[in-house]
file structure-v5.cif (mmCIF, C-alpha atoms and all ligand atoms)
data_final
loop_
_atom_site.label_atom_id
_atom_site.label_comp_id
_atom_site.auth_asym_id
_atom_site.auth_seq_id
_atom_site.Cartn_x
_atom_site.Cartn_y
_atom_site.Cartn_z
CA MET A 1 0.00 0.00 0.00
CA TRP A 2 1.38 3.43 -0.98
CA ALA A 3 1.11 6.53 1.19
CA VAL A 4 -0.90 8.99 -0.89
CA THR A 5 0.47 12.52 -0.73
CA ALA A 6 -0.93 13.86 -4.01
CA LEU A 7 -3.94 16.16 -4.05
CA VAL A 8 -6.71 14.43 -6.01
CA LEU A 9 -8.04 16.17 -9.15
CA ASP A 10 -11.65 15.11 -8.72
CA GLY A 11 -13.27 14.74 -12.15
CA LYS A 12 -16.68 13.69 -10.86
CA LYS A 13 -17.05 16.66 -8.53
CA THR A 14 -15.85 19.03 -11.27
CA ARG A 15 -18.29 17.46 -13.76
CA ASP A 16 -21.19 17.93 -11.31
CA GLU A 17 -20.31 21.63 -11.00
CA LEU A 18 -20.31 21.97 -14.79
CA PHE A 19 -23.65 20.18 -15.08
CA GLU A 20 -25.25 22.77 -12.78
CA SER A 21 -24.43 25.52 -15.26
CA PHE A 22 -25.29 23.31 -18.27
CA ARG A 23 -28.80 22.67 -16.91
CA ALA A 24 -29.46 26.41 -16.69
CA ARG A 25 -28.09 27.05 -20.20
CA VAL A 26 -30.17 24.23 -21.74
CA ALA A 27 -33.30 25.51 -19.96
CA ALA A 28 -32.64 28.98 -21.41
CA LEU A 29 -32.25 27.50 -24.92
CA ARG A 30 -35.47 25.51 -24.55
CA ASP A 31 -37.29 28.67 -23.42
CA ARG A 32 -36.21 30.26 -26.70
CA GLY A 33 -37.54 27.23 -28.66
CA LEU A 34 -34.16 25.61 -29.36
CA VAL A 35 -33.96 22.03 -28.12
CA PRO A 36 -30.37 20.72 -28.26
CA GLY A 37 -30.03 17.09 -29.40
CA LEU A 38 -26.86 14.97 -29.22
CA GLY A 39 -26.47 12.09 -31.67
CA THR A 40 -24.08 9.18 -31.25
CA VAL A 41 -22.96 6.76 -33.94
CA LEU A 42 -21.67 3.49 -32.51
CA VAL A 43 -20.33 0.74 -34.77
CA GLY A 44 -19.76 -2.80 -33.51
CA ASP A 45 -19.72 -4.49 -30.11
CA ASP A 46 -16.70 -3.09 -28.28
CA PRO A 47 -17.78 -3.14 -24.59
CA GLY A 48 -15.80 0.02 -23.76
CA SER A 49 -17.36 2.00 -26.59
CA HIS A 50 -20.84 0.74 -25.62
CA SER A 51 -20.31 1.85 -22.04
CA TYR A 52 -19.02 5.31 -23.08
CA VAL A 53 -21.99 5.88 -25.40
CA LYS A 54 -24.44 4.74 -22.73
CA GLY A 55 -22.82 7.23 -20.33
CA LYS A 56 -23.12 10.05 -22.86
CA HIS A 57 -26.87 9.51 -23.18
CA ALA A 58 -27.29 9.30 -19.41
CA ASP A 59 -25.50 12.67 -19.16
CA CYS A 60 -27.86 14.18 -21.78
CA ALA A 61 -30.86 13.18 -19.66
CA LYS A 62 -29.28 14.86 -16.60
CA VAL A 63 -28.99 18.26 -18.28
CA GLY A 64 -32.06 18.22 -20.56
CA ILE A 65 -30.40 17.48 -23.93
CA GLU A 66 -32.32 15.17 -26.30
CA SER A 67 -30.59 11.93 -27.38
CA ILE A 68 -30.38 10.32 -30.79
CA ARG A 69 -28.68 6.88 -31.02
CA ARG A 70 -27.48 5.05 -34.08
CA ASP A 71 -26.11 1.63 -33.05
CA LEU A 72 -24.79 -0.15 -36.13
CA PRO A 73 -23.37 -3.63 -36.86
CA ALA A 74 -19.59 -4.15 -37.10
CA GLU A 75 -20.03 -5.38 -40.70
CA ILE A 76 -21.50 -2.07 -41.91
CA THR A 77 -19.92 -0.86 -45.18
CA GLN A 78 -18.23 2.51 -45.66
CA ALA A 79 -21.09 3.62 -47.95
CA GLU A 80 -23.75 2.59 -45.43
CA LEU A 81 -21.98 4.41 -42.62
CA GLU A 82 -21.58 7.51 -44.79
CA ALA A 83 -25.35 7.40 -45.46
CA VAL A 84 -25.97 7.50 -41.66
CA ILE A 85 -23.64 10.51 -41.38
CA ASP A 86 -25.53 12.28 -44.20
CA GLU A 87 -28.80 11.56 -42.43
CA LEU A 88 -27.58 13.11 -39.15
CA ASN A 89 -26.15 16.10 -41.03
CA ALA A 90 -29.64 16.71 -42.43
CA ASP A 91 -31.62 15.99 -39.22
CA PRO A 92 -32.71 19.30 -37.62
CA GLY A 93 -33.36 17.52 -34.29
CA CYS A 94 -29.69 16.53 -34.09
CA THR A 95 -27.82 19.74 -33.27
CA GLY A 96 -24.50 17.96 -32.61
CA TYR A 97 -23.17 14.42 -32.85
CA ILE A 98 -20.15 12.16 -32.52
CA VAL A 99 -18.90 9.00 -34.16
CA GLN A 100 -17.56 6.80 -31.37
CA LEU A 101 -13.91 5.83 -31.99
CA PRO A 102 -12.27 3.52 -32.77
CA LEU A 103 -14.13 2.35 -35.85
CA PRO A 104 -13.64 -1.17 -37.27
CA GLN A 105 -10.47 -1.59 -39.36
CA HIS A 106 -12.28 -1.83 -42.71
CA ILE A 107 -13.74 1.68 -42.26
CA ASP A 108 -11.80 4.76 -43.38
CA GLU A 109 -12.02 6.71 -40.10
CA ASN A 110 -10.65 9.97 -41.49
CA ALA A 111 -13.16 9.96 -44.34
CA ILE A 112 -15.99 9.51 -41.82
CA LEU A 113 -14.74 12.32 -39.55
CA GLU A 114 -14.41 14.63 -42.56
CA ARG A 115 -18.00 13.87 -43.65
CA ILE A 116 -19.47 15.22 -40.40
CA ASP A 117 -20.96 18.70 -40.83
CA PRO A 118 -18.35 20.84 -38.97
CA ALA A 119 -21.22 22.87 -37.44
CA LYS A 120 -22.53 19.64 -35.84
CA ASP A 121 -19.12 18.27 -34.81
CA ALA A 122 -19.58 17.78 -31.05
CA ASP A 123 -16.14 16.16 -30.70
CA GLY A 124 -14.13 19.02 -32.20
CA LEU A 125 -12.28 16.42 -34.31
CA HIS A 126 -13.38 17.54 -37.79
CA PRO A 127 -10.36 18.87 -39.75
CA THR A 128 -12.07 22.27 -40.06
CA ASN A 129 -12.44 22.54 -36.29
CA LEU A 130 -8.92 21.24 -35.59
CA GLY A 131 -7.77 23.86 -38.12
CA ARG A 132 -9.71 26.55 -36.25
CA LEU A 133 -7.91 25.47 -33.09
CA VAL A 134 -4.56 25.88 -34.85
CA LEU A 135 -5.65 29.36 -36.01
CA GLY A 136 -6.92 30.30 -32.55
CA ALA A 137 -10.44 30.80 -33.99
CA ASP A 138 -13.70 30.05 -32.18
CA GLY A 139 -15.10 26.50 -32.47
CA PRO A 140 -15.67 23.25 -30.58
CA LEU A 141 -12.61 22.02 -28.68
CA PRO A 142 -11.71 18.31 -28.51
CA CYS A 143 -13.41 17.07 -25.33
CA THR A 144 -10.61 15.29 -23.45
CA PRO A 145 -8.02 18.09 -23.93
CA HIS A 146 -10.66 20.63 -22.90
CA GLY A 147 -11.40 18.52 -19.80
CA ILE A 148 -7.70 18.34 -18.91
CA VAL A 149 -7.23 22.12 -19.11
CA HIS A 150 -10.42 22.72 -17.12
CA LEU A 151 -9.36 20.27 -14.39
CA LEU A 152 -5.89 21.85 -14.08
CA ARG A 153 -7.44 25.32 -13.83
CA ARG A 154 -10.13 24.17 -11.38
CA TYR A 155 -7.38 22.99 -8.99
CA ASP A 156 -5.15 26.03 -9.61
CA VAL A 157 -2.28 24.05 -11.11
CA PRO A 158 -0.07 26.77 -12.65
CA LEU A 159 0.08 26.57 -16.45
CA ASP A 160 1.87 29.79 -17.38
CA GLY A 161 5.47 28.81 -18.13
CA ALA A 162 4.93 25.20 -16.99
CA HIS A 163 6.68 22.39 -18.83
CA VAL A 164 4.07 19.80 -19.82
CA VAL A 165 5.09 16.36 -21.06
CA VAL A 166 2.38 14.52 -22.99
CA VAL A 167 2.81 10.77 -23.48
CA GLY A 168 0.81 9.46 -26.47
CA ARG A 169 0.08 10.89 -29.92
CA GLY A 170 -3.53 9.80 -30.54
CA VAL A 171 -6.01 12.06 -32.31
CA THR A 172 -8.40 12.49 -29.34
CA VAL A 173 -5.78 13.57 -26.74
CA GLY A 174 -2.04 13.55 -27.53
CA ARG A 175 -2.05 15.58 -30.73
CA PRO A 176 -4.62 18.27 -29.86
CA ILE A 177 -3.69 18.85 -26.18
CA GLY A 178 -0.49 20.67 -27.16
CA LEU A 179 -2.55 23.11 -29.25
CA LEU A 180 -4.65 24.06 -26.22
CA LEU A 181 -1.82 24.28 -23.73
CA THR A 182 0.37 26.45 -25.95
CA ARG A 183 -2.35 29.07 -26.55
CA ARG A 184 -1.38 32.45 -25.11
CA SER A 185 -4.09 32.03 -22.47
CA GLU A 186 -2.41 28.87 -21.12
CA ASN A 187 1.18 29.69 -22.13
CA ALA A 188 2.70 26.29 -21.29
CA THR A 189 5.63 24.63 -23.06
CA VAL A 190 4.74 21.17 -24.35
CA THR A 191 6.86 18.12 -25.20
CA LEU A 192 5.03 15.32 -27.02
CA CYS A 193 6.43 11.83 -26.34
CA HIS A 194 5.46 8.56 -28.04
CA THR A 195 6.74 5.04 -28.68
CA GLY A 196 9.65 6.49 -30.68
CA THR A 197 10.88 8.63 -27.77
CA ARG A 198 14.41 7.47 -26.82
CA ASP A 199 14.43 8.01 -23.05
CA LEU A 200 10.85 8.41 -21.87
CA GLY A 201 11.85 8.49 -18.19
CA ALA A 202 14.26 11.40 -18.74
CA GLU A 203 11.59 13.41 -20.62
CA VAL A 204 8.87 12.77 -18.03
CA ARG A 205 11.21 13.64 -15.13
CA ARG A 206 11.57 17.19 -16.52
CA ALA A 207 7.81 17.80 -16.42
CA ASP A 208 5.85 20.07 -14.11
CA ILE A 209 2.74 18.43 -15.55
CA VAL A 210 2.56 14.91 -17.01
CA ILE A 211 -0.35 13.90 -19.26
CA ALA A 212 -0.32 10.13 -19.71
CA ALA A 213 -2.46 9.14 -22.68
CA ALA A 214 -0.63 6.15 -24.15
CA GLY A 215 -3.02 3.33 -23.26
CA VAL A 216 -0.17 1.31 -21.69
CA PRO A 217 -1.08 0.09 -18.18
CA GLY A 218 1.27 1.38 -15.46
CA LEU A 219 3.65 3.02 -17.97
CA ILE A 220 4.40 6.04 -15.74
CA THR A 221 6.11 4.97 -12.52
CA ALA A 222 7.14 6.97 -9.43
CA ASP A 223 10.84 7.09 -10.41
CA MET A 224 9.84 8.91 -13.63
CA VAL A 225 7.98 11.74 -11.86
CA LYS A 226 9.52 14.95 -10.49
CA PRO A 227 8.40 15.38 -6.85
CA GLY A 228 5.40 17.72 -6.71
CA ALA A 229 4.50 17.40 -10.41
CA ALA A 230 0.83 17.21 -11.48
CA VAL A 231 0.08 13.86 -13.14
CA LEU A 232 -3.03 13.29 -15.24
CA ASP A 233 -3.87 9.66 -15.96
CA VAL A 234 -5.86 9.62 -19.19
CA GLY A 235 -5.09 6.27 -20.85
CA VAL A 236 -7.47 3.37 -20.22
CA SER A 237 -6.80 -0.31 -20.85
CA ARG A 238 -9.23 -3.13 -20.24
CA THR A 239 -7.12 -5.93 -18.73
CA ALA A 240 -7.96 -9.28 -17.12
CA ASP A 241 -7.75 -7.42 -13.78
CA GLY A 242 -10.24 -4.76 -14.91
CA LEU A 243 -9.69 -1.18 -16.05
CA ARG A 244 -6.08 0.08 -15.72
CA GLY A 245 -4.73 3.57 -16.27
CA ASP A 246 -1.29 4.55 -17.60
CA VAL A 247 -0.06 5.65 -14.17
CA ALA A 248 1.30 3.22 -11.57
CA ALA A 249 -0.14 3.41 -8.02
CA ASP A 250 3.21 4.49 -6.47
CA VAL A 251 3.06 7.82 -8.36
CA ALA A 252 0.61 9.06 -5.68
CA GLU A 253 3.61 9.15 -3.30
CA VAL A 254 5.59 11.69 -5.32
CA ALA A 255 3.06 13.68 -7.36
CA GLY A 256 1.71 17.01 -6.07
CA HIS A 257 -1.60 16.54 -7.91
CA LEU A 258 -2.99 13.34 -9.41
CA SER A 259 -6.10 12.65 -11.46
CA PRO A 260 -7.54 9.25 -10.55
CA ASN A 261 -8.53 6.81 -13.25
CA PRO A 262 -11.47 6.22 -13.24
CA GLY A 263 -12.93 9.42 -11.79
CA GLY A 264 -10.48 11.97 -13.18
CA VAL A 265 -10.41 13.15 -16.79
CA GLY A 266 -13.04 10.66 -18.13
CA PRO A 267 -16.10 12.38 -16.60
CA LEU A 268 -14.89 15.70 -18.05
CA THR A 269 -14.52 14.21 -21.54
CA ARG A 270 -18.22 13.46 -21.36
CA ALA A 271 -19.07 16.81 -19.81
CA PHE A 272 -17.34 18.86 -22.51
CA LEU A 273 -19.14 16.87 -25.19
CA LEU A 274 -22.36 18.31 -23.80
CA GLY A 275 -20.61 21.68 -23.48
CA ASN A 276 -19.87 21.63 -27.23
CA VAL A 277 -23.50 20.80 -28.03
CA ILE A 278 -24.73 23.67 -25.87
CA ASP A 279 -22.12 26.11 -27.26
CA ALA A 280 -23.17 25.23 -30.84
CA ALA A 281 -26.86 25.73 -30.02
CA GLU A 282 -26.09 29.09 -28.41
CA ARG A 283 -24.06 30.11 -31.48
CA ASP A 284 -27.04 29.17 -33.70
CA LEU A 285 -29.39 31.26 -31.61
CA ALA A 286 -27.03 34.25 -31.64
CA ARG A 287 -26.78 33.98 -35.45
CA SER A 288 -30.55 33.84 -35.89
CA ASP A 289 -30.95 36.82 -33.52
CA SER A 290 -28.54 38.88 -35.62
CA VAL A 291 -30.43 38.43 -38.95
N1 LIG A 301 -15.56 10.09 -30.83
C1 LIG A 301 -14.77 9.88 -29.75
N2 LIG A 301 -14.35 8.64 -29.48
C2 LIG A 301 -13.54 8.45 -28.39
C3 LIG A 301 -13.22 9.52 -27.52
C4 LIG A 301 -13.70 10.82 -27.84
O1 LIG A 301 -13.43 11.82 -27.14
N3 LIG A 301 -14.48 10.95 -28.97
N4 LIG A 301 -12.51 9.29 -26.35
C5 LIG A 301 -12.36 7.91 -25.89
C6 LIG A 301 -13.52 7.33 -25.16
N5 LIG A 301 -14.37 8.27 -24.41
C7 LIG A 301 -15.24 9.05 -25.08
O2 LIG A 301 -15.76 8.74 -26.10
C8 LIG A 301 -14.46 8.22 -22.99
C9 LIG A 301 -13.57 7.51 -22.24
C10 LIG A 301 -13.74 7.42 -20.84
C11 LIG A 301 -14.78 8.06 -20.23
C12 LIG A 301 -15.05 7.95 -18.77
O3 LIG A 301 -15.91 8.63 -18.25
N6 LIG A 301 -14.39 7.06 -18.08
C13 LIG A 301 -14.70 6.81 -16.69
C14 LIG A 301 -14.62 5.32 -16.45
C15 LIG A 301 -15.63 4.61 -17.30
C16 LIG A 301 -15.66 3.12 -17.10
O4 LIG A 301 -15.74 2.68 -15.97
O5 LIG A 301 -15.67 2.41 -18.14
C17 LIG A 301 -13.72 7.54 -15.81
O6 LIG A 301 -12.60 7.86 -16.28
O7 LIG A 301 -14.08 7.80 -14.66
C18 LIG A 301 -15.66 8.78 -20.98
C19 LIG A 301 -15.50 8.87 -22.35
C20 LIG A 301 -12.11 7.01 -27.09
N7 LIG A 301 -13.09 7.21 -28.10
#

call {"tool": "encode", "arguments": {"input": "structure-v5.cif", "output": "C-alpha cells"}}
result
Amino acid sequence: MWAVTALVLDGKKTRDELFESFRARVAALRDRGLVPGLGTVLVGDDPGSHSYVKGKHADCAKVGIESIRRDLPAEITQAELEAVIDELNADPGCTGYIVQLPLPQHIDENAILERIDPAKDADGLHPTNLGRLVLGADGPLPCTPHGIVHLLRRYDVPLDGAHVVVVGRGVTVGRPIGLLLTRRSENATVTLCHTGTRDLGAEVRRADIVIAAAGVPGLITADMVKPGAAVLDVGVSRTADGLRGDVAADVAEVAGHLSPNPGGVGPLTRAFLLGNVIDAAERDLARSDSV
C-alpha cells in the first residue's frame, strides 16, 4: 500500500459543478424554442465503446439534452456508414453528434470524420475545427483536452510557463492537447512523447505536468515523476484485472496533484461533449438573432 500525498483532481465533482451551469443554459435555450439534441454513432460491439456511449446519453438526460442513437453492426460498409452521417447532417433535431472511436479496421475513419458537418461536430475532431484550433479561432474544442485544461485550472495548477510532457500521440488527446496548452491564455511549453521517444523516463522527469495518454497500463512509474509534479492519468486499458490507467499506483507518493482513473479526466470528456452541443446551439441562436 502506498502513502498517498498527491492532491486528487476530482473529475466527478468538477463534472457535477459543470452540469449545474449546463442545466441552466439548456433551460434557457429551450425557453427560446431551441432544443439541443446529441447524436451518437456506434459501430460494432466493443464493450468500452458501448459503455461510453451509454454514459453520454445518461449525461444528456441529466442536463435536458435530447438523445439520438445510431447503433450499427460491425459489418457495416463505408457507404452505409456515410449514409448514416448524411442523415444526421440533415436531421434538424440533431444539433451535434459524434462518431464513437475507434471504428472497425475496414472503415476509413478519417473519411468519416471529414464527412461530419463541422457545425454539428460535437467532438471538435473535424479537420475544419482542428484547423480553427490551430488558427486560434472560435469553435468546438476536442473534449478530453478541454477537460484536462479545465481540471488543471479548477485545482489552480499553474500553467503559465509550466513544462508539460504529454505521453501518447492519438487524435483524441495527444495531438490536440499541445494546441490548447500552448495558446497564449495557457502559455505552457509542451513536449510530445510517443513510442519512438528514446528516453521516456528522462523526458517525463523534466515535467511540471505529465499527461499520460498512451493506453499502456502502469507506464508512468514513481521514479519517472519529479516530486510535486501534477500527473493526469488519461489512458485506459481493459485488462484481465479490470480497467487500468497509464499511471502506476506508487506515483501518488511523489506527485503534487494526481487525477484518478477512473474518476479523473473521463467524466470531463463526457461533460465537454455536452458543453460543445450547448455552445453550438447558443451560437445558432445568436446567429438567428442577428439576422
Ligand atoms: N468520438 C470519440 N471517441 C472516443 C473519444 C472521444 O473523445 N471521442 N474518447 C475515448 C472514449 N471516451 C469518449 O468517447 C471516454 C472515455 C472514458 C470516459 C469515462 O468517463 N471514463 C470513466 C470510467 C468509465 C468506465 O468505468 O468504463 C472515468 O474515467 O471515470 C468517458 C469517455 C475514445 N473514443

call {"tool": "atom_distance", "arguments": {"input": "structure-v5.cif", "atom1": "atom O1 of ligand LIG 301 (chain A)", "atom2": "atom CA of A:Ile116"}}
result
15.0 Å

call {"tool": "axis_aligned_box", "arguments": {"input": "structure-v5.cif", "around": "ligand LIG 301 (chain A)", "padding_each_side": "8 Å", "output": "lines of an AutoDock Vina configuration file"}}
result
center_x = -14.0
center_y = 7.1
center_z = -22.7
size_x = 19.8
size_y = 25.4
size_z = 32.2

call {"tool": "residues_around", "arguments": {"input": "structure-v5.cif", "residues": "A:Ala286", "least_positions_apart": "5", "cutoff": "12 Å", "atoms": "all atoms listed in the file", "output": "PyMOL selection string"}}
result
chain A and resi 29+32+34+279-281+291

call {"tool": "residues_around", "arguments": {"input": "structure-v5.cif", "residues": "A:Thr191", "least_positions_apart": "5", "cutoff": "12 Å", "atoms": "all atoms listed in the file", "output": "PyMOL selection string"}}
result
chain A and resi 162-169+174-175+177-179+181-182+197+200+202-211

call {"tool": "atom_distance", "arguments": {"input": "structure-v5.cif", "atom1": "atom CA of A:Pro92", "atom2": "atom CA of A:Ser49"}}
result
25.6 Å

call {"tool": "atom_distance", "arguments": {"input": "structure-v5.cif", "atom1": "atom CA of A:His257", "atom2": "atom CA of A:Ala6"}}
result
4.8 Å

call {"tool": "closest_residue", "arguments": {"input": "structure-v5.cif", "among": "A:Leu180, A:Ala137, A:Leu243, A:Leu9", "to": "ligand LIG 301 (chain A)", "atoms": "all atoms listed in the file"}}
result
A:Leu243

call {"tool": "closest_residue", "arguments": {"input": "structure-v5.cif", "among": "A:Tyr97, A:Phe19, A:Tyr52, A:Tyr155", "to": "A:Asn276", "atoms": "all atoms listed in the file"}}
result
A:Tyr97

call {"tool": "closest_residue", "arguments": {"input": "structure-v5.cif", "among": "A:Arg238, A:Arg283, A:Lys62, A:Lys120", "to": "ligand LIG 301 (chain A)", "atoms": "all atoms listed in the file"}}
result
A:Arg238

call {"tool": "decode", "arguments": {"input": "structure-v5.cif", "residues": "stretch 273-284 of chain A", "atoms": "all heavy atoms", "output": "compact mmCIF listing (two decimals), in the first residue's frame"}}
result
# COMPACT_ATOMS: atom_id res chain seq x y z
N LEU A 273 -18.35 17.23 -24.01
CA LEU A 273 -19.14 16.87 -25.19
C LEU A 273 -20.47 17.61 -25.13
O LEU A 273 -20.91 18.24 -26.09
CB LEU A 273 -19.35 15.35 -25.19
CG LEU A 273 -20.21 14.78 -26.30
CD1 LEU A 273 -19.57 15.05 -27.65
CD2 LEU A 273 -20.40 13.28 -26.09
N LEU A 274 -21.10 17.57 -23.96
CA LEU A 274 -22.36 18.31 -23.80
C LEU A 274 -22.10 19.81 -23.92
O LEU A 274 -22.90 20.55 -24.50
CB LEU A 274 -23.00 18.00 -22.44
CG LEU A 274 -23.28 16.52 -22.12
CD1 LEU A 274 -24.20 16.43 -20.91
CD2 LEU A 274 -23.90 15.80 -23.29
N GLY A 275 -20.96 20.26 -23.39
CA GLY A 275 -20.61 21.68 -23.48
C GLY A 275 -20.55 22.12 -24.94
O GLY A 275 -21.05 23.19 -25.30
N ASN A 276 -19.95 21.27 -25.80
CA ASN A 276 -19.87 21.63 -27.23
C ASN A 276 -21.25 21.71 -27.87
O ASN A 276 -21.50 22.56 -28.72
CB ASN A 276 -19.01 20.60 -27.98
CG ASN A 276 -17.51 20.85 -27.78
OD1 ASN A 276 -17.10 21.93 -27.37
ND2 ASN A 276 -16.70 19.83 -28.08
N VAL A 277 -22.15 20.79 -27.46
CA VAL A 277 -23.50 20.80 -28.03
C VAL A 277 -24.23 22.08 -27.61
O VAL A 277 -24.89 22.73 -28.43
CB VAL A 277 -24.30 19.54 -27.57
CG1 VAL A 277 -25.75 19.61 -28.00
CG2 VAL A 277 -23.64 18.28 -28.11
N ILE A 278 -24.06 22.46 -26.36
CA ILE A 278 -24.73 23.67 -25.87
C ILE A 278 -24.12 24.92 -26.53
O ILE A 278 -24.85 25.81 -26.98
CB ILE A 278 -24.62 23.75 -24.32
CG1 ILE A 278 -25.33 22.54 -23.69
CG2 ILE A 278 -25.23 25.05 -23.80
CD1 ILE A 278 -25.03 22.35 -22.20
N ASP A 279 -22.79 24.96 -26.61
CA ASP A 279 -22.12 26.11 -27.26
C ASP A 279 -22.64 26.29 -28.69
O ASP A 279 -22.93 27.41 -29.12
CB ASP A 279 -20.60 25.89 -27.36
CG ASP A 279 -19.90 26.03 -26.02
OD1 ASP A 279 -20.50 26.56 -25.07
OD2 ASP A 279 -18.72 25.59 -25.94
N ALA A 280 -22.74 25.15 -29.42
CA ALA A 280 -23.17 25.23 -30.84
C ALA A 280 -24.60 25.75 -30.92
O ALA A 280 -24.92 26.58 -31.78
CB ALA A 280 -23.06 23.85 -31.50
N ALA A 281 -25.46 25.28 -30.00
CA ALA A 281 -26.86 25.73 -30.02
C ALA A 281 -26.93 27.23 -29.70
O ALA A 281 -27.71 27.97 -30.32
CB ALA A 281 -27.68 24.92 -29.01
N GLU A 282 -26.11 27.66 -28.75
CA GLU A 282 -26.09 29.09 -28.41
C GLU A 282 -25.58 29.93 -29.59
O GLU A 282 -26.09 31.02 -29.85
CB GLU A 282 -25.23 29.33 -27.16
CG GLU A 282 -25.93 28.80 -25.90
CD GLU A 282 -25.06 28.87 -24.64
OE1 GLU A 282 -23.84 29.08 -24.75
OE2 GLU A 282 -25.61 28.69 -23.55
N ARG A 283 -24.58 29.40 -30.29
CA ARG A 283 -24.06 30.11 -31.48
C ARG A 283 -25.16 30.25 -32.54
O ARG A 283 -25.34 31.31 -33.12
CB ARG A 283 -22.86 29.36 -32.08
CG ARG A 283 -21.52 29.78 -31.50
CD ARG A 283 -20.35 29.32 -32.38
NE ARG A 283 -20.23 27.87 -32.44
CZ ARG A 283 -19.50 27.14 -31.59
NH1 ARG A 283 -18.82 27.72 -30.63
NH2 ARG A 283 -19.44 25.84 -31.71
N ASP A 284 -25.93 29.16 -32.73
CA ASP A 284 -27.04 29.17 -33.70
C ASP A 284 -28.05 30.25 -33.36
O ASP A 284 -28.50 30.99 -34.23
CB ASP A 284 -27.80 27.83 -33.64
CG ASP A 284 -27.29 26.85 -34.65
OD1 ASP A 284 -26.32 27.21 -35.36
OD2 ASP A 284 -27.84 25.74 -34.72
